[in-house]
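Student: Handing over input.txt, compact mmCIF, C-alpha atoms.
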# COMPACT_ATOMS: atom_id res chain seq x y z
CA MET O 1 88.82 -62.13 9.23
CA VAL O 2 86.22 -59.51 8.60
CA SER O 3 86.54 -57.08 5.70
CA ARG O 4 85.94 -53.41 6.42
CA THR O 5 83.78 -53.00 3.30
CA GLY O 6 82.06 -56.32 3.28
CA SER O 7 79.08 -57.75 5.13
CA PRO O 8 78.34 -61.29 6.18
CA VAL O 9 76.25 -63.18 3.62
CA THR O 10 75.61 -66.77 2.80
CA SER O 11 77.06 -67.77 -0.53
CA GLY O 12 76.95 -70.90 -2.53
CA ASN O 13 80.79 -71.40 -2.65
CA GLY O 14 81.01 -71.55 1.08
CA SER O 15 82.77 -68.24 1.58
CA ASP O 16 81.64 -66.30 4.62
CA TYR O 17 81.99 -62.87 3.12
CA GLU O 18 81.30 -61.28 -0.26
CA ASP O 19 82.90 -58.29 -1.92
CA ASP O 20 81.33 -54.86 -2.11
CA GLY O 21 79.91 -55.07 -5.63
CA PRO O 22 76.93 -57.35 -5.13
CA GLN O 23 76.19 -55.76 -1.76
CA VAL O 24 75.89 -52.24 -3.23
CA THR O 25 73.50 -53.49 -5.91
CA ALA O 26 71.27 -54.98 -3.28
CA ASP O 27 71.22 -51.72 -1.32
CA LEU O 28 70.21 -49.70 -4.40
CA SER O 29 67.34 -52.01 -5.20
CA ASP O 30 65.99 -51.62 -1.69
CA GLN O 31 66.17 -47.87 -1.94
CA GLU O 32 64.32 -47.91 -5.25
CA ARG O 33 61.57 -50.06 -3.75
CA LEU O 34 61.34 -47.70 -0.78
CA SER O 35 61.19 -44.69 -3.06
CA ASP O 36 58.37 -46.28 -5.09
CA ASP O 37 56.44 -47.05 -1.90
CA GLU O 38 56.81 -43.49 -0.64
CA GLN O 39 55.61 -42.10 -3.95
CA LEU O 40 52.58 -44.42 -3.90
CA GLY O 41 51.80 -43.35 -0.35
CA THR O 42 52.03 -39.70 -1.34
CA VAL O 43 49.59 -40.18 -4.20
CA THR O 44 47.20 -42.02 -1.91
CA GLN O 45 47.34 -39.24 0.67
CA ARG O 46 46.66 -36.60 -1.97
CA SER O 47 43.61 -38.44 -3.23
CA GLU O 48 42.28 -38.67 0.32
CA THR O 49 42.73 -34.93 0.97
CA ASP O 50 41.47 -33.64 -2.37
CA HIS O 51 37.89 -33.22 -1.06
CA ILE O 52 39.23 -31.31 1.93
CA ALA O 53 41.19 -28.94 -0.26
CA GLU O 54 38.08 -28.14 -2.28
CA LYS O 55 36.34 -26.82 0.85
CA LEU O 56 39.16 -24.50 1.81
CA PRO O 57 38.73 -20.75 1.11
CA VAL O 58 39.70 -19.70 -2.37
CA LYS O 59 42.20 -16.88 -2.63
CA ALA O 60 41.82 -14.49 -5.51
CA GLN O 61 44.08 -11.61 -6.43
CA GLY O 62 42.50 -8.23 -5.87
CA ARG O 63 43.80 -4.74 -6.38
CA GLY O 64 47.45 -4.39 -5.50
CA ASN O 65 47.88 -8.20 -5.61
CA SER O 66 46.21 -8.46 -2.20
CA PRO O 67 44.37 -11.74 -1.64
CA ILE O 68 40.58 -11.71 -1.47
CA ILE O 69 39.05 -14.57 0.49
CA ILE O 70 35.77 -15.86 -0.92
CA LEU O 71 33.73 -17.99 1.47
CA ASP O 72 30.85 -20.25 0.53
CA GLY O 73 27.77 -21.29 2.47
CA SER O 74 26.81 -19.81 5.81
CA ASP O 75 30.32 -18.49 6.45
CA GLY O 76 30.16 -16.49 3.25
CA TYR O 77 26.75 -15.05 4.15
CA PHE O 78 27.89 -13.77 7.55
CA ASP O 79 31.18 -12.55 6.12
CA GLN O 80 29.34 -10.43 3.56
CA HIS O 81 27.11 -8.93 6.26
CA LEU O 82 29.83 -7.97 8.70
CA THR O 83 29.56 -4.32 7.73
CA LYS O 84 26.34 -2.31 7.57
CA PRO O 85 25.26 -1.06 4.13
CA VAL O 86 25.59 2.62 3.43
CA LEU O 87 22.15 4.21 3.67
CA SER O 88 21.18 7.12 1.49
CA THR O 89 20.38 10.38 3.21
CA ASN O 90 18.17 11.56 0.35
CA SER O 91 14.50 12.19 1.03
CA ILE O 92 11.44 13.34 -0.90
CA SER O 93 11.79 16.79 0.62
CA LYS O 94 15.07 17.22 -1.28
CA LEU O 95 13.43 16.80 -4.67
CA PRO O 96 13.40 19.93 -6.81
CA PHE O 97 10.24 22.01 -6.83
CA LEU O 98 7.97 21.27 -9.78
CA THR O 99 5.68 23.97 -11.13
CA SER O 100 2.21 23.28 -12.48
CA GLN O 101 3.27 24.10 -16.03
CA GLU O 102 6.24 21.74 -15.87
CA TYR O 103 4.07 18.98 -14.49
CA SER O 104 1.51 19.35 -17.30
CA THR O 105 4.28 19.35 -19.91
CA TYR O 106 5.84 16.16 -18.56
CA ILE O 107 2.48 14.40 -18.41
CA GLN O 108 1.68 15.29 -22.03
CA GLU O 109 5.08 14.10 -23.18
CA ALA O 110 4.75 10.82 -21.29
CA GLU O 111 1.43 10.03 -22.96
CA GLN O 112 3.14 9.99 -26.36
CA TYR O 113 5.49 7.15 -25.48
CA TYR O 114 4.35 3.74 -26.81
CA LYS O 115 0.99 5.24 -27.68
CA SER O 116 0.30 2.77 -30.51
CA ASN O 117 1.20 -0.19 -28.30
CA ARG O 118 -1.17 0.97 -25.57
CA GLU O 119 -3.96 1.45 -28.10
CA THR O 120 -3.42 -2.07 -29.39
CA LEU O 121 -3.61 -3.40 -25.83
CA VAL O 122 -6.93 -1.63 -25.27
CA GLN O 123 -8.30 -3.11 -28.49
CA LEU O 124 -7.41 -6.58 -27.24
CA HIS O 125 -9.36 -5.94 -24.05
CA GLU O 126 -12.34 -4.71 -26.06
CA THR O 127 -12.57 -8.10 -27.78
CA LEU O 128 -13.54 -9.53 -24.37
CA PHE O 129 -16.54 -7.24 -23.91
CA ALA O 130 -18.95 -9.95 -25.03
CA GLN O 131 -17.45 -12.37 -22.51
CA TRP O 132 -17.78 -9.82 -19.72
CA ALA O 133 -21.43 -9.16 -20.62
CA PHE O 134 -22.13 -12.90 -20.60
CA GLU O 135 -20.60 -13.30 -17.14
CA LEU O 136 -22.72 -10.45 -15.81
CA SER O 137 -25.83 -12.09 -17.29
CA GLN O 138 -25.04 -15.25 -15.35
CA GLY O 139 -25.18 -13.46 -12.02
CA PHE O 140 -21.45 -12.87 -11.50
CA ASN O 141 -19.80 -9.55 -10.69
CA LEU O 142 -16.65 -8.39 -12.43
CA VAL O 143 -13.51 -6.69 -11.21
CA LEU O 144 -10.71 -5.39 -13.45
CA TYR O 145 -7.14 -5.21 -12.18
CA GLY O 146 -3.79 -4.40 -13.72
CA LEU O 147 -1.32 -1.58 -14.22
CA GLY O 148 -2.76 1.61 -15.68
CA SER O 149 -6.05 3.44 -15.51
CA LYS O 150 -9.06 1.31 -16.44
CA ARG O 151 -11.59 4.12 -16.26
CA GLU O 152 -12.02 4.67 -20.01
CA LEU O 153 -12.13 0.92 -20.66
CA ALA O 154 -14.91 0.43 -18.11
CA LEU O 155 -16.90 3.36 -19.49
CA SER O 156 -16.59 2.00 -23.04
CA PHE O 157 -17.95 -1.36 -21.91
CA ALA O 158 -20.88 0.30 -20.12
CA GLN O 159 -21.78 2.40 -23.17
CA GLU O 160 -21.67 -0.57 -25.50
CA TYR O 161 -23.24 -3.38 -23.47
CA LEU O 162 -25.11 -1.75 -20.57
CA ASP O 163 -27.13 0.84 -22.46
CA ASP O 164 -30.45 -0.85 -21.65
CA VAL O 165 -30.06 -0.98 -17.84
CA ASN O 166 -29.61 1.59 -15.10
CA VAL O 167 -25.91 2.26 -14.51
CA LEU O 168 -24.77 4.16 -11.43
CA VAL O 169 -21.21 5.44 -11.96
CA ILE O 170 -19.32 5.77 -8.67
CA ASN O 171 -15.94 7.47 -8.51
CA GLY O 172 -14.21 5.78 -5.62
CA TYR O 173 -11.08 7.84 -6.19
CA ASN O 174 -13.01 10.99 -5.20
CA PRO O 175 -12.37 11.47 -1.46
CA SER O 176 -15.67 13.32 -1.04
CA THR O 177 -17.71 10.29 -2.14
CA THR O 178 -19.55 8.73 0.80
CA ILE O 179 -20.96 5.26 1.13
CA ARG O 180 -24.29 6.65 2.29
CA GLU O 181 -24.68 8.55 -1.00
CA VAL O 182 -24.04 5.31 -2.89
CA VAL O 183 -26.52 3.27 -0.86
CA ALA O 184 -29.20 5.99 -0.92
CA SER O 185 -28.87 6.51 -4.70
CA SER O 186 -29.06 2.75 -5.26
CA ALA O 187 -32.17 2.53 -3.12
CA ALA O 188 -33.86 5.32 -5.07
CA ILE O 189 -33.27 3.44 -8.34
CA LEU O 190 -34.23 0.00 -7.05
CA LEU O 191 -37.37 1.05 -5.20
CA ASP O 192 -38.45 3.47 -7.94
CA ASP O 193 -41.20 4.85 -5.73
CA PRO O 194 -41.18 8.53 -4.75
CA ASN O 195 -43.63 7.81 -1.95
CA VAL O 196 -41.16 5.58 -0.12
CA LYS O 197 -39.11 7.47 2.42
CA ILE O 198 -35.49 6.35 2.43
CA PRO O 199 -34.05 6.05 5.94
CA LYS O 200 -30.92 7.90 6.95
CA ALA O 201 -29.01 5.01 8.48
CA ILE O 202 -27.22 2.69 6.05
CA PRO O 203 -28.33 -0.57 7.77
CA ASP O 204 -31.96 0.58 7.62
CA ILE O 205 -31.67 1.35 3.89
CA LEU O 206 -30.18 -2.07 3.17
CA SER O 207 -32.88 -3.81 5.19
CA LEU O 208 -35.54 -1.96 3.21
CA LEU O 209 -33.94 -3.02 -0.08
CA PHE O 210 -33.74 -6.69 0.80
CA THR O 211 -37.30 -6.69 2.07
CA ALA O 212 -38.63 -5.31 -1.20
CA GLN O 213 -36.38 -7.26 -3.56
CA GLU O 214 -37.93 -9.39 -6.22
CA ARG O 215 -37.10 -13.02 -6.87
CA LYS O 216 -34.48 -13.44 -9.58
CA PRO O 217 -36.12 -15.00 -12.67
CA PHE O 218 -34.99 -18.34 -14.06
CA PRO O 219 -33.31 -19.31 -16.37
CA TYR O 220 -30.35 -16.98 -15.89
CA ASP O 221 -29.83 -16.26 -19.58
CA SER O 222 -32.92 -14.06 -19.51
CA TYR O 223 -31.84 -12.18 -16.39
CA LYS O 224 -30.95 -8.52 -16.58
CA PRO O 225 -30.12 -6.58 -13.43
CA LYS O 226 -32.15 -3.52 -12.63
CA LEU O 227 -29.03 -1.67 -11.52
CA VAL O 228 -25.34 -1.97 -12.38
CA LEU O 229 -22.88 -0.31 -10.03
CA LEU O 230 -19.92 0.86 -12.12
CA ILE O 231 -17.34 1.57 -9.43
CA HIS O 232 -14.08 3.18 -10.44
CA ASP O 233 -11.54 2.24 -7.77
CA ILE O 234 -13.59 0.20 -5.36
CA ASP O 235 -10.43 0.29 -3.26
CA GLY O 236 -10.20 4.09 -3.40
CA GLU O 237 -9.76 6.37 -0.45
CA ALA O 238 -13.51 6.87 -0.07
CA PHE O 239 -14.16 3.13 0.42
CA ARG O 240 -10.97 2.00 2.14
CA ASN O 241 -12.66 0.93 5.37
CA ASP O 242 -14.66 -2.02 6.61
CA ARG O 243 -17.91 -0.07 6.92
CA SER O 244 -17.97 0.90 3.25
CA GLN O 245 -16.89 -2.52 1.98
CA SER O 246 -19.54 -4.26 4.09
CA ALA O 247 -22.26 -2.04 2.63
CA LEU O 248 -21.01 -2.57 -0.93
CA SER O 249 -20.85 -6.33 -0.47
CA ARG O 250 -24.45 -6.38 0.77
CA LEU O 251 -25.52 -4.33 -2.24
CA ALA O 252 -23.69 -6.75 -4.52
CA ALA O 253 -25.62 -9.64 -2.95
CA HIS O 254 -28.95 -8.07 -3.98
CA ASN O 255 -30.52 -10.09 -6.78
CA GLN O 256 -31.27 -6.98 -8.84
CA VAL O 257 -27.79 -5.45 -8.54
CA SER O 258 -24.62 -6.23 -10.49
CA VAL O 259 -21.21 -4.77 -9.79
CA PHE O 260 -18.58 -3.87 -12.37
CA ALA O 261 -15.55 -2.53 -10.49
CA THR O 262 -11.91 -1.66 -10.99
CA VAL O 263 -9.05 -1.86 -8.49
CA ASP O 264 -5.60 -0.26 -8.51
CA HIS O 265 -4.02 -1.02 -5.14
CA ILE O 266 -1.86 -4.11 -4.79
CA ASN O 267 -3.23 -4.84 -1.30
CA THR O 268 -6.91 -4.57 -2.25
CA PRO O 269 -7.80 -8.20 -1.32
CA ILE O 270 -6.91 -7.40 2.29
CA LEU O 271 -10.10 -5.33 2.48
CA TRP O 272 -12.29 -8.41 2.03
CA ASP O 273 -12.78 -11.43 4.22
CA SER O 274 -14.39 -14.67 3.07
CA ALA O 275 -17.91 -13.43 3.79
CA LYS O 276 -17.46 -10.26 1.71
CA LEU O 277 -15.86 -12.17 -1.16
CA SER O 278 -18.77 -14.61 -1.15
CA SER O 279 -21.24 -11.72 -1.37
CA PHE O 280 -19.29 -9.97 -4.13
CA ASN O 281 -19.03 -13.18 -6.20
CA PHE O 282 -16.25 -11.64 -8.30
CA ILE O 283 -14.66 -12.84 -11.52
CA TRP O 284 -11.24 -11.22 -11.93
CA HIS O 285 -9.92 -9.99 -15.28
CA ASP O 286 -6.46 -8.65 -16.04
CA ALA O 287 -7.05 -5.33 -17.82
CA THR O 288 -3.57 -3.82 -17.91
CA THR O 289 -3.64 -0.66 -20.02
CA PHE O 290 -0.55 1.33 -18.95
CA ALA O 291 -2.74 4.42 -19.23
CA SER O 292 -2.09 7.50 -17.14
CA TYR O 293 -4.01 7.96 -13.89
CA THR O 294 -4.96 11.51 -14.81
CA ALA O 295 -8.56 11.34 -13.62
CA GLU O 296 -7.81 9.24 -10.54
CA THR O 297 -5.17 11.70 -9.31
CA SER O 298 -7.13 14.84 -10.14
CA PHE O 299 -8.39 15.10 -6.55
CA SER O 300 -4.90 15.18 -5.05
CA ASP O 301 -2.13 17.69 -5.52
CA PRO O 302 0.82 16.02 -7.32
CA LEU O 303 2.92 19.11 -6.67
CA MET O 304 2.96 18.29 -2.95
CA LEU O 305 6.01 16.14 -3.72
CA GLY O 306 9.50 17.56 -3.47
CA GLY O 307 9.69 21.27 -2.78
CA GLY O 308 5.91 21.47 -2.53
CA THR O 309 5.80 19.64 0.77
CA GLY O 310 5.89 21.19 4.19
CA ARG O 311 3.71 23.68 5.92
CA ASN O 312 3.51 26.71 3.69
CA VAL O 313 1.09 29.11 5.32
CA ASN O 314 0.52 30.86 2.04
CA ARG O 315 -1.14 27.76 0.61
CA ALA O 316 -4.59 26.91 1.88
CA ASN O 317 -4.25 23.18 1.31
CA SER O 318 -0.74 22.70 2.69
CA GLY O 319 0.01 20.66 5.77
CA PRO O 320 -1.07 17.10 6.48
CA GLY O 321 -4.23 17.36 4.37
CA HIS O 322 -7.49 15.51 4.87
CA ALA O 323 -6.02 12.09 4.05
CA GLY O 324 -3.14 12.56 6.46
CA ILE O 325 -5.41 13.81 9.24
CA ARG O 326 -7.74 10.86 8.78
CA TYR O 327 -4.81 8.46 8.91
CA VAL O 328 -3.65 9.94 12.22
CA LEU O 329 -7.14 9.92 13.69
CA GLU O 330 -7.60 6.25 12.83
CA SER O 331 -4.48 5.40 14.81
CA LEU O 332 -5.64 7.26 17.93
CA THR O 333 -8.06 6.24 20.63
CA SER O 334 -11.73 7.15 20.58
CA ASN O 335 -11.18 9.60 23.45
CA ALA O 336 -8.46 11.42 21.50
CA ARG O 337 -10.76 11.66 18.49
CA GLY O 338 -13.48 12.99 20.78
CA LEU O 339 -11.16 15.73 22.00
CA TYR O 340 -10.43 16.77 18.43
CA ARG O 341 -14.13 16.74 17.60
CA VAL O 342 -14.91 19.07 20.49
CA LEU O 343 -12.23 21.51 19.41
CA ILE O 344 -13.09 21.74 15.71
CA SER O 345 -16.82 21.92 16.48
CA HIS O 346 -16.18 24.95 18.64
CA GLN O 347 -13.86 26.42 16.00
CA LEU O 348 -16.43 26.07 13.22
CA GLN O 349 -19.14 27.57 15.39
CA SER O 350 -16.88 30.53 16.18
CA ILE O 351 -16.23 31.10 12.48
CA GLU O 352 -19.95 31.12 11.72
CA ASP O 353 -20.67 33.45 14.63
CA ASP O 354 -18.05 35.92 13.46
CA PHE O 355 -20.57 37.66 11.17
CA GLY O 356 -20.22 34.89 8.58
CA GLN O 357 -16.58 35.72 7.91
CA THR O 358 -13.83 33.19 7.37
CA GLN O 359 -10.15 33.35 8.08
CA ASP O 360 -7.89 34.82 5.44
CA SER O 361 -5.15 32.27 5.98
CA ARG O 362 -4.31 29.22 8.07
CA ASN O 363 -2.59 31.38 10.67
CA ASP O 364 -5.83 33.31 11.14
CA SER O 365 -7.40 30.18 12.68
CA SER O 366 -6.00 31.21 16.06
CA ARG O 367 -8.75 33.85 16.35
CA PHE O 368 -11.34 31.08 16.54
CA GLY O 369 -9.45 28.77 18.88
CA MET O 370 -10.47 27.52 22.30
CA GLU O 371 -8.93 28.36 25.65
CA PHE O 372 -7.00 25.58 27.30
CA LYS O 373 -9.13 25.56 30.47
CA THR O 374 -12.38 25.71 28.52
CA LEU O 375 -11.37 22.78 26.30
CA TYR O 376 -10.31 20.73 29.32
CA GLN O 377 -13.61 21.44 31.08
CA ARG O 378 -15.65 20.46 28.00
CA CYS O 379 -13.72 17.22 27.62
CA SER O 380 -14.19 16.41 31.29
CA GLU O 381 -17.94 16.96 31.02
CA GLU O 382 -18.10 14.48 28.15
CA PHE O 383 -15.92 11.97 30.06
CA ILE O 384 -13.23 12.15 27.39
CA VAL O 385 -10.42 12.84 29.89
CA THR O 386 -10.10 12.04 33.57
CA ASN O 387 -7.30 14.35 34.62
CA GLU O 388 -5.10 17.11 33.27
CA LEU O 389 -2.13 14.79 32.71
CA ASN O 390 -4.21 12.59 30.45
CA PHE O 391 -5.48 15.68 28.68
CA ARG O 392 -1.98 17.00 27.98
CA THR O 393 -0.87 13.58 26.74
CA MET O 394 -3.61 13.60 24.11
CA LEU O 395 -2.71 17.12 23.05
CA THR O 396 0.91 16.08 22.58
CA GLU O 397 -0.15 13.54 19.93
CA PHE O 398 -1.82 16.27 17.90
CA TYR O 399 1.07 18.68 18.38
CA GLU O 400 3.55 16.13 17.05
CA HIS O 401 1.47 15.57 13.91
CA GLU O 402 0.98 19.32 13.43
CA MET O 403 -2.79 18.99 13.78
CA LEU O 404 -2.95 21.47 16.66
CA ASN O 405 -1.24 24.73 17.46
CA SER O 406 -1.26 26.84 20.58
CA THR O 407 -0.74 30.54 21.14
CA LYS O 408 -1.42 33.17 23.76
CA ASP O 409 -3.85 36.02 23.46
CA LEU O 410 -3.31 39.61 24.60
CA VAL O 411 -3.93 38.77 28.26
CA GLY O 412 -1.61 35.73 28.22
CA THR O 413 -4.28 33.01 28.09
CA GLU O 414 -3.27 29.86 26.20
CA VAL O 415 -5.46 29.25 23.16
CA ILE O 416 -5.53 25.95 21.24
CA TYR O 417 -6.70 25.76 17.62
CA ALA O 418 -6.61 23.50 14.55
CA PRO O 419 -4.55 25.25 11.81
CA PHE O 420 -6.88 24.39 8.92
CA ASP O 421 -9.38 26.18 6.73
CA LYS O 422 -13.13 26.06 7.26
CA GLU O 423 -13.61 23.62 4.37
CA VAL O 424 -11.14 21.14 5.82
CA LEU O 425 -12.71 21.38 9.27
CA GLU O 426 -16.18 20.80 7.85
CA ARG O 427 -15.03 17.68 6.01
CA LEU O 428 -13.44 16.36 9.17
CA LEU O 429 -16.57 16.97 11.20
CA GLU O 430 -18.69 15.19 8.59
CA ASP O 431 -16.30 12.27 8.53
CA ASP O 432 -17.47 9.18 10.35
CA ILE O 433 -14.07 8.65 11.96
CA LEU O 434 -14.75 11.39 14.54
CA ASN O 435 -18.11 9.92 15.49
CA GLU O 436 -16.96 6.36 16.09
Translate the structure described by the file into structure tokens.
Tutor:
Amino acid sequence: MVSRTGSPVTSGNGSDYEDDGPQVTADLSDQERLSDDEQLGTVTQRSETDHIAEKLPVKAQGRGNSPIIILDGSDGYFDQHLTKPVLSTNSISKLPFLTSQEYSTYIQEAEQYYKSNRETLVQLHETLFAQWAFELSQGFNLVLYGLGSKRELALSFAQEYLDDVNVLVINGYNPSTTIREVVASSAAILLDDPNVKIPKAIPDILSLLFTAQERKPFPYDSYKPKLVLLIHDIDGEAFRNDRSQSALSRLAAHNQVSVFATVDHINTPILWDSAKLSSFNFIWHDATTFASYTAETSFSDPLMLGGGTGRNVNRANSGPGHAGIRYVLESLTSNARGLYRVLISHQLQSIEDDFGQTQDSRNDSSRFGMEFKTLYQRCSEEFIVTNELNFRTMLTEFYEHEMLNSTKDLVGTEVIYAPFDKEVLERLLEDDILNE
């Protein structure tokens, strides 16, 4: 007989079946062992997936309890750059207009800030004057760099340690300074002979100097240069071209010339290749002064910022200016520069022929302009343009940069003119960029 609640087991008393008590106990023990095994397996699975969970995106609570997903690595980089940044629409032209009186007031107030600290910094630089003089005596050239004007510091050094040699002070920040003036003045001092005629071409002057140079005496501790070139801003607008830097480097290589220069532009070393640097033989000194660039900026109009920009016909110096015109001309072809040279040469000649009178304003330049057909014919004769389409393409470049204007006279003939004063046109014509 089989019991409904029992199960067949093997017992020691020979009975075939056992009651429910021992059987239930056995079933509970099996369940407990199974439960322990499942728990152990769960713990093992968690430990294996912990490193995966760490790599999953982290959810943070933002405004309104909305989740913010923060991604790491490359996914986070691209997620942050899904949207374009908001660009400002502000420009320099939106700055408020600054009067000359306001500008002077602000500059005077700014010079009072940290005045004692700046004076202490200058005094620290002055303690190195003896070291600088020693380096010059050993045949090296010096260049000062750092934030702030170094003009007064360089002049103080020259007055204290270079009072027994010829010092030629060159203001590189003056746009009207030319490299030919520097080379010719240096030649006059080095040759020291009024009977010697100085050539006009810069290469000829340099060749004459190196032919007549004397051998540098030895030992070096007894050497004193015959000429020291004190160049404020050797990287200034006047010398920011390869022609000027090549001439200065050749002068620096002369055994009777030493160079003491200052630089202010962060990209100055780009002006010099290995050959120029070898000729300059510079030792660099950090001469940070935090001084105002009052003298260096005296040749430019600081009020051209903000409301002072634009083409105000009531101001003689408004418009692109000489620096802007030169920058545009350097980016154009030689034929385009030749076209501009033909036009302004004719315009200057017309001004001089007009009984020595000059225009009253920039708009008055149209009276001395050149007819379209006449300008095209002149350019064709000089092989500057080949056809009218090419001619109009060149004119478009100047129109876009506001370097040319056109109008019609009383009979309807188109007249082209440069909207600048006589002084600006003369400086452009004297500039080497138009003759290259």
Student: Would you compute, for all listed atoms of stretch 421-427 of chain O, the axis-aligned bounding box grown by 8 Å on each side, and then report its centre and edge lengths in Å rounded to one decimal, as lines of an AutoDock Vina configuration file?
Tutor:
center_x = -12.8
center_y = 21.9
center_z = 6.8
size_x = 22.8
size_y = 24.5
size_z = 20.9
Student: Find, counting all atoms listed in the file, the residue in O:Tyr173, O:Val415, O:Val424, O:Phe398 that gets nearest to O:Thr294.
Tutor: O:Tyr173
Student: Check the smallest atom-to-atom distance from each of O:Val411, O:Ala154, O:Ile266, O:Ala187 to O:Ala212 using only C-alpha atoms, then report the winner.
Tutor: O:Ala187
Student: What is the distance, in Å and to one decimal place, between atom CA of O:Asn267 and atom CA of O:His285?
Tutor: 16.3 Å
Student: So, with all atoms listed in the file as the atoms that count, which of O:Gly338, O:Val263, O:Phe372, O:Tyr399 lies closest to O:Lys150?
Tutor: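 Ranking O:Gly338, O:Val263, O:Phe372, O:Tyr399 by distance to O:Lys150, first place goes to O:Val263.
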Student: Nearest to O:Val122: which of O:Ala287, O:Leu162, O:Met394, O:Ala295 is it, counting all atoms listed in the file?
Tutor: O:Ala287
Student: Expressed in Å to a single decimal, how great is the separation between atom CA of O:His401 and atom CA of O:Tyr327?
Tutor: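 Distance reported for this atom pair: 10.7 Å.
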